[in-house]
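One structure is given here, and the rest of the page talks about it.
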Amino acid sequence: RYAFPPGGGSEALLGGGACWRRGWGSAHCRAMFRFTQKKCGLSEFGGRFTLLFNAWRKHTQPTAAVLPSRSLIPVRKANFRGLSLPDNPSLRGLYSRTPKADVQVMAGEELPGVLILDVGGTHGVLENLVALLKKHFHVITLKEFRENKEEMRKKIQSVFVFENRPTIDRELLESLPNLKVIGNSGVGVDHLDLKMISNFGVKVTNTPHAVADSTADIGMALMLASARRLVEGCQIAVSPDTKYFAVNWLGVEVTKATLGIIGMGNIGYKVAQRAKAFDMRILYHNRNRRRKEEEEAVGAHYCEKMEDLLQQSDFVMLVVNLTPETHKLIGKKELGLMKPTATLINISRGAIVDQDALVEALQNKVIRAAALDVTYPEPLPRDHPFLKLNNIIITPHIGTATVQAIRMMTEEAIANILAVLNGKPIPSEVFPK
């Protein structure tokens with residue numbers, strides 16, 4: 001499954017055990033071991049090769065084969081200089097699989113402790129995600145920690161933050177002397193006091209790669225739903241009072257419209273890729289301009305001033321992190337610059353928008369509509385003015401609420417935590433400003 005980079009620079013496959021498990025014959029497995037030994041010059045691993053092969057041949061896992069992980073790289077080729085590998089569909093993923101996060105624990109050693117809020121329930125970590133954590137950590141709930149602080153406090157080396165919980169405050173940090181890392185599931189870290197955490201010598205990580213596609217998808221969904229008035233349309237279609245469908249009940253086109261993206265990071269760029277398929281004219285404003293080839297790939301045009309983007313866009317989508325600089329980035333002035341036919345879409349954080357100003361703009365038809373996946377607070381008070389308007393769509397912060405996304409977020413968080421605990425480069429570390 002993995003290749004060791006030998007001195008000669010060629011790649012060799014280490015995985016005869018995996019070959020046997022996936023249906024290869026004995027001859028292929030033995031040939032793979034001989035080939036690996038010869039090309040890598042790893043004769044000292046011969047005993048381990050035999051152990052792995054015999055164990056897999058008996059359909060049992062080896063009990064004491066710890067291979068060095070710091071030099072593992074994914075195999076990218078299916079043929080290795082004269083050794084032809086069988087073209088079996090079930091084997092194709094073997095050659096390009098990304099190595100999973102690993103932690104090396106010898107027999108008898110205890111797994112490092114990770115603190116979570118709870119398992120299941122209203123706010124706890126989903127049970128299937130806890131199962132992932134348990135492969136690498138001794139999972140400790142906040143209740144277990146509080147009931148047995150003296151024993152648990154020394155075991156906990158990391159905290160897994162899921163849906164902004166547990167709360168990371170000074171009291172908790174002071175009670176965990178061996179804490180090394182807080183792994184946040186999600187990209188936004190505005191709920192964490194990064195400076196305070198850093199003062200305790202604790203690192204913070206997030207999961208920017210796992211969230212990009214699902215969040216971009218919800219941005220497109222909100223734009224389409226608002227443009228075509230899907231929520232209103234659904235209510236009309238199912239209402240017991242509906243006798244006919246009015247011919248003058250109209251939405252607006254998304255295709256060939258102008259989309260202004262404020263924040264062109266991973267998620268913003270994913271939105272642009274999707275918008276290109278709708279033949280949209282794409283404008284963007286960002287702290288740093290994208291490379292020319294990246295702009296050309298999606299047909300995006302850079303607006304150095306956000307005001308220029310607001311004045312030209314039919315749809316304005318907010319995809320920025322919440323920082324002191326972006327707090328209430330969109331207020332009365334900015335809403336006044338938008339077209340009266342424009343729609344504001346927010347998939348970042350509720351506090352990016354001055355909500356009082358947005359209520360006024362929607363009531364007075366300063367802009368056509370708004371579509372929000374985020375508000376402040378969440379959920380809104382049941383008497384909030386937003387809830388009385390018919391030109392707004394609000395969803396309950398579901399940008400990453402897919403089966404696939406939350407699993408990938410957990411896997412990315414695990415990889416980050418293990419990198420810190422093993423002293424390896426951290427894939428997604430967040431630094432205090």
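Every chain in the structure tokens takes a letter, A first, then B, and so on in the order presented; its residues are numbered from 1, and the ligands are numbered from 1 following the presented order.
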
Residues of segment 170-210 of chain A at most 10 Å from segment 322-337 of chain A: nearest atom pair and distance in Å, only C-alpha atoms, as a tab-separated table:
residue	atom	partner	partner_atom	distance
A:Gly188	CA	A:Leu322	CA	7.5
A:Val189	CA	A:Leu322	CA	8.4
A:Asp190	CA	A:Leu322	CA	6.3
A:His191	CA	A:Leu322	CA	9.8

Taking N, CA and C atoms for each residue, export the selection above as a PDB file, in the first residue's frame.
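That gives us part.pdb:
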ATOM      1  N   GLY A 188     -14.072  27.528  10.664  1.00  0.00           N
ATOM      2  CA  GLY A 188     -14.177  28.729  11.490  1.00  0.00           C
ATOM      3  C   GLY A 188     -13.717  28.477  12.915  1.00  0.00           C
ATOM      4  N   VAL A 189     -12.924  29.404  13.452  1.00  0.00           N
ATOM      5  CA  VAL A 189     -12.415  29.258  14.830  1.00  0.00           C
ATOM      6  C   VAL A 189     -12.720  30.504  15.654  1.00  0.00           C
ATOM      7  N   ASP A 190     -13.766  31.249  15.262  1.00  0.00           N
ATOM      8  CA  ASP A 190     -14.099  32.463  15.998  1.00  0.00           C
ATOM      9  C   ASP A 190     -14.618  32.162  17.398  1.00  0.00           C
ATOM     10  N   HIS A 191     -14.951  30.903  17.677  1.00  0.00           N
ATOM     11  CA  HIS A 191     -15.403  30.505  19.017  1.00  0.00           C
ATOM     12  C   HIS A 191     -14.237  30.156  19.934  1.00  0.00           C
TER      13      HIS A 191
END

Pick out each residue of segment 96-183 of chain A that DSSP on the backbone tags as strand (DSSP E); I need them as a ChimeraX atom specification.
/A:113-116,138-141,156-162,181-183

Pick the closest to Met223 of chain A from A:Glu147, A:Asp193, A:Glu253, A:Glu110: which is it, counting only C-alpha atoms?
A:Glu253
